[in-house]
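The structure appears right after this line, and notes come after that.
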Amino acid sequence: MPSLIPTPPAPQPGQILARGVCRFLSEAMNFACLEEFVPERGKRVDVIAIGPKGEIWVVECKSSRADFMSDMKWDGYLQWCDRFFWAVDVDFPLDLLPDDTGLIIADGYGAELVREAPEVPLAAARRKAMTREFARCAARRLQMWRDPRV
């Protein structure tokens, strides 16, 4: 009997980095993470994470120089988080990354925080809206996993 659940496609390099980032943030820092989160139409962050004190981090995962150079809309993500980080692998040319952003070195199994990002606290109304949307997105994803017809 064939499986009713389709086999997911192989993860892309950036998705592999995101998995390691989420493992690190969840296990080492007690953050809750979502991958491929849409804070508003036309924007999609690789990882958004909410910490134990309600802090919101965005992590953009870049797997190569070409990946970084082709996606220059990252500064549009700053308005949706308290801290912004890049996640790259050990072979990534670090001189490409802006110095005033955080840096995480990652692979598919974990990560290490190399440079802390400056904190620019969100306004209370934006934080409330982002936290609510994070919770709704997480709940929808869980519900879809349990019942794909939803």
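Residues in the structure tokens are named by chain (A, B, ... in the order shown) and by number from 1 within that chain; ligands are numbered from 1 in the order shown.
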
Extract, using only C-alpha atoms, all DNA, RNA and protein residues at most 9 Å from A:Lys43, discarding same-chain residues fewer than 3 positions from it, and format them as a list in words.
Phe37, Val38, Pro39, Glu40, Lys73, Gly76 and Tyr77 of chain A

Please produce an output containing all heavy atoms for each residue in the selection, written as a PDB file, in the first residue's frame.
```pdb
ATOM      1  N   PHE A  37       9.481  32.000   8.029  1.00  0.00           N
ATOM      2  CA  PHE A  37       8.398  32.781   8.618  1.00  0.00           C
ATOM      3  C   PHE A  37       8.172  34.040   7.784  1.00  0.00           C
ATOM      4  O   PHE A  37       9.125  34.705   7.371  1.00  0.00           O
ATOM      5  CB  PHE A  37       8.762  33.145  10.061  1.00  0.00           C
ATOM      6  CG  PHE A  37       7.735  33.984  10.758  1.00  0.00           C
ATOM      7  CD1 PHE A  37       6.609  33.404  11.313  1.00  0.00           C
ATOM      8  CD2 PHE A  37       7.910  35.350  10.881  1.00  0.00           C
ATOM      9  CE1 PHE A  37       5.657  34.179  11.974  1.00  0.00           C
ATOM     10  CE2 PHE A  37       6.979  36.134  11.546  1.00  0.00           C
ATOM     11  CZ  PHE A  37       5.844  35.537  12.082  1.00  0.00           C
ATOM     12  N   VAL A  38       6.921  34.383   7.558  1.00  0.00           N
ATOM     13  CA  VAL A  38       6.558  35.567   6.765  1.00  0.00           C
ATOM     14  C   VAL A  38       6.022  36.648   7.704  1.00  0.00           C
ATOM     15  O   VAL A  38       4.881  36.568   8.154  1.00  0.00           O
ATOM     16  CB  VAL A  38       5.504  35.199   5.690  1.00  0.00           C
ATOM     17  CG1 VAL A  38       5.094  36.431   4.900  1.00  0.00           C
ATOM     18  CG2 VAL A  38       6.036  34.104   4.777  1.00  0.00           C
ATOM     19  N   PRO A  39       6.836  37.678   8.021  1.00  0.00           N
ATOM     20  CA  PRO A  39       6.348  38.742   8.904  1.00  0.00           C
ATOM     21  C   PRO A  39       5.354  39.669   8.215  1.00  0.00           C
ATOM     22  O   PRO A  39       4.512  40.271   8.872  1.00  0.00           O
ATOM     23  CB  PRO A  39       7.617  39.493   9.297  1.00  0.00           C
ATOM     24  CG  PRO A  39       8.580  39.219   8.195  1.00  0.00           C
ATOM     25  CD  PRO A  39       8.237  37.859   7.659  1.00  0.00           C
ATOM     26  N   GLU A  40       5.478  39.806   6.895  1.00  0.00           N
ATOM     27  CA  GLU A  40       4.528  40.567   6.087  1.00  0.00           C
ATOM     28  C   GLU A  40       4.665  40.093   4.645  1.00  0.00           C
ATOM     29  O   GLU A  40       5.668  39.487   4.272  1.00  0.00           O
ATOM     30  CB  GLU A  40       4.746  42.078   6.203  1.00  0.00           C
ATOM     31  CG  GLU A  40       5.960  42.594   5.479  1.00  0.00           C
ATOM     32  CD  GLU A  40       6.068  44.109   5.512  1.00  0.00           C
ATOM     33  OE1 GLU A  40       5.135  44.788   5.961  1.00  0.00           O
ATOM     34  OE2 GLU A  40       7.106  44.617   5.081  1.00  0.00           O
ATOM     35  N   LYS A  73      17.934  42.114   0.334  1.00  0.00           N
ATOM     36  CA  LYS A  73      16.801  42.750   1.014  1.00  0.00           C
ATOM     37  C   LYS A  73      16.819  42.511   2.520  1.00  0.00           C
ATOM     38  O   LYS A  73      15.861  42.798   3.207  1.00  0.00           O
ATOM     39  CB  LYS A  73      15.491  42.273   0.397  1.00  0.00           C
ATOM     40  CG  LYS A  73      15.241  40.786   0.478  1.00  0.00           C
ATOM     41  CD  LYS A  73      13.970  40.420  -0.278  1.00  0.00           C
ATOM     42  CE  LYS A  73      13.670  38.962  -0.212  1.00  0.00           C
ATOM     43  NZ  LYS A  73      14.571  38.085  -0.886  1.00  0.00           N
ATOM     44  N   GLY A  76      15.544  44.935   5.279  1.00  0.00           N
ATOM     45  CA  GLY A  76      14.109  45.042   5.476  1.00  0.00           C
ATOM     46  C   GLY A  76      13.591  44.152   6.592  1.00  0.00           C
ATOM     47  O   GLY A  76      12.449  44.295   7.033  1.00  0.00           O
ATOM     48  N   TYR A  77      14.429  43.242   7.075  1.00  0.00           N
ATOM     49  CA  TYR A  77      14.041  42.342   8.169  1.00  0.00           C
ATOM     50  C   TYR A  77      14.331  42.950   9.542  1.00  0.00           C
ATOM     51  O   TYR A  77      13.845  42.455  10.553  1.00  0.00           O
ATOM     52  CB  TYR A  77      14.765  41.006   8.059  1.00  0.00           C
ATOM     53  CG  TYR A  77      14.499  40.259   6.771  1.00  0.00           C
ATOM     54  CD1 TYR A  77      15.484  39.504   6.178  1.00  0.00           C
ATOM     55  CD2 TYR A  77      13.255  40.307   6.149  1.00  0.00           C
ATOM     56  CE1 TYR A  77      15.249  38.806   4.997  1.00  0.00           C
ATOM     57  CE2 TYR A  77      13.014  39.624   4.970  1.00  0.00           C
ATOM     58  CZ  TYR A  77      14.014  38.874   4.402  1.00  0.00           C
ATOM     59  OH  TYR A  77      13.772  38.194   3.240  1.00  0.00           O
TER      60      TYR A  77
END
```

For the alpha helix (DSSP H) assignment from backbone DSSP, which residues of stretch 16-145 of chain A qualify? Please present them as a PyMOL selection string.
chain A and resi 16-29+65-69+124-145

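The interatomic distance for the pair atom CA of A:Ala123 and atom CA of A:Ala135 works out to 18.3 Å.
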
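Nearest-residue note for A:Arg146: choosing from A:Ile5, A:Phe84, A:Ala124, A:Glu119, the minimum distance belongs to A:Ile5, counting only C-alpha atoms.
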
Which polymer residues have any atom within 12 Å of an atom of A:Ala66, counting only C-alpha atoms, with same-chain residues fewer than 6 positions away left out, as number ranges by chain?
A: 72, 92-93, 96

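The environment of A:Gly14 within 12 Å, counting only C-alpha atoms and disregarding residues fewer than 4 places along the same chain, consists of Ala10, Ala18, Arg19, Gly20, Val21, Glu35, Glu36, Val45, Asp46, Val47, Val59, Glu60, Cys61, Lys62, Ser63, Ser64, Asp67, Phe68, Trp86, Ala87, Val88, Asp89, Ala106, Asp107 and Gly108 of chain A.
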
Need the shell around A:Thr131: protein/DNA/RNA residues with any atom at most 9 Å away, counting only C-alpha atoms. Skip same-chain ones fewer than 5 positions apart. Format as a ChimeraX atom specification?
/A:50,54,56,126,136

Please save N, CA and C atoms of the selected residues as a PDB file, in the first residue's frame.
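Result saved to result13.pdb:
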```
ATOM      1  N   ILE A  50      11.963  33.178  19.278  1.00  0.00           N
ATOM      2  CA  ILE A  50      11.531  33.949  20.446  1.00  0.00           C
ATOM      3  C   ILE A  50      12.180  33.334  21.674  1.00  0.00           C
ATOM      4  N   GLY A  54      10.988  36.842  25.790  1.00  0.00           N
ATOM      5  CA  GLY A  54      10.178  37.461  24.749  1.00  0.00           C
ATOM      6  C   GLY A  54      10.978  38.159  23.670  1.00  0.00           C
ATOM      7  N   ILE A  56      13.012  38.743  20.296  1.00  0.00           N
ATOM      8  CA  ILE A  56      12.786  38.191  18.964  1.00  0.00           C
ATOM      9  C   ILE A  56      14.051  38.371  18.128  1.00  0.00           C
ATOM     10  N   ARG A 126       4.604  46.331  18.111  1.00  0.00           N
ATOM     11  CA  ARG A 126       5.190  45.434  17.106  1.00  0.00           C
ATOM     12  C   ARG A 126       5.537  44.087  17.750  1.00  0.00           C
ATOM     13  N   ARG A 136       0.412  31.937  16.124  1.00  0.00           N
ATOM     14  CA  ARG A 136      -0.587  31.483  15.146  1.00  0.00           C
ATOM     15  C   ARG A 136       0.052  30.626  14.061  1.00  0.00           C
TER      16      ARG A 136
END
```

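Distance check against A:Gln79 using only C-alpha atoms: of A:Leu4, A:Glu116, A:Pro11, A:Trp57, the minimum falls on A:Trp57.
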
Taking 2 positions as the minimum chain separation for residues in the same chain, which residues sit within 7 Å of A:Val120 when counting only C-alpha atoms? Answer as a ChimeraX atom specification.
/A:82-83,118,122

Store the residues of this selection in a file with C-alpha atoms, as a PDB file, in the first residue's frame.
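Resulting contents of part-v1.pdb:
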```
ATOM      1  CA  ASP A  82      15.370  42.855  18.382  1.00  0.00           C
ATOM      2  CA  ARG A  83      18.546  41.288  16.961  1.00  0.00           C
ATOM      3  CA  PRO A 118      23.386  44.732  18.488  1.00  0.00           C
ATOM      4  CA  LEU A 122      11.029  46.424  19.064  1.00  0.00           C
TER       5      LEU A 122
END
```

Give the answer as one residue: which of A:Trp80, A:Trp145, A:Phe85, A:Trp74 has the shortest atom-to-atom distance to A:Leu113, using only C-alpha atoms?
A:Phe85

Taking only C-alpha atoms into account, name the residue in A:Ile104, A:Arg127, A:Thr7, A:Ala117 that is nearest to A:Lys53.
A:Arg127

Test item, strand (DSSP E or B) assignment across stretch 9-147 of chain A, answer as a PyMOL selection string
chain A and resi 32-37+45-50+56-61+83-88+102-106+111-115
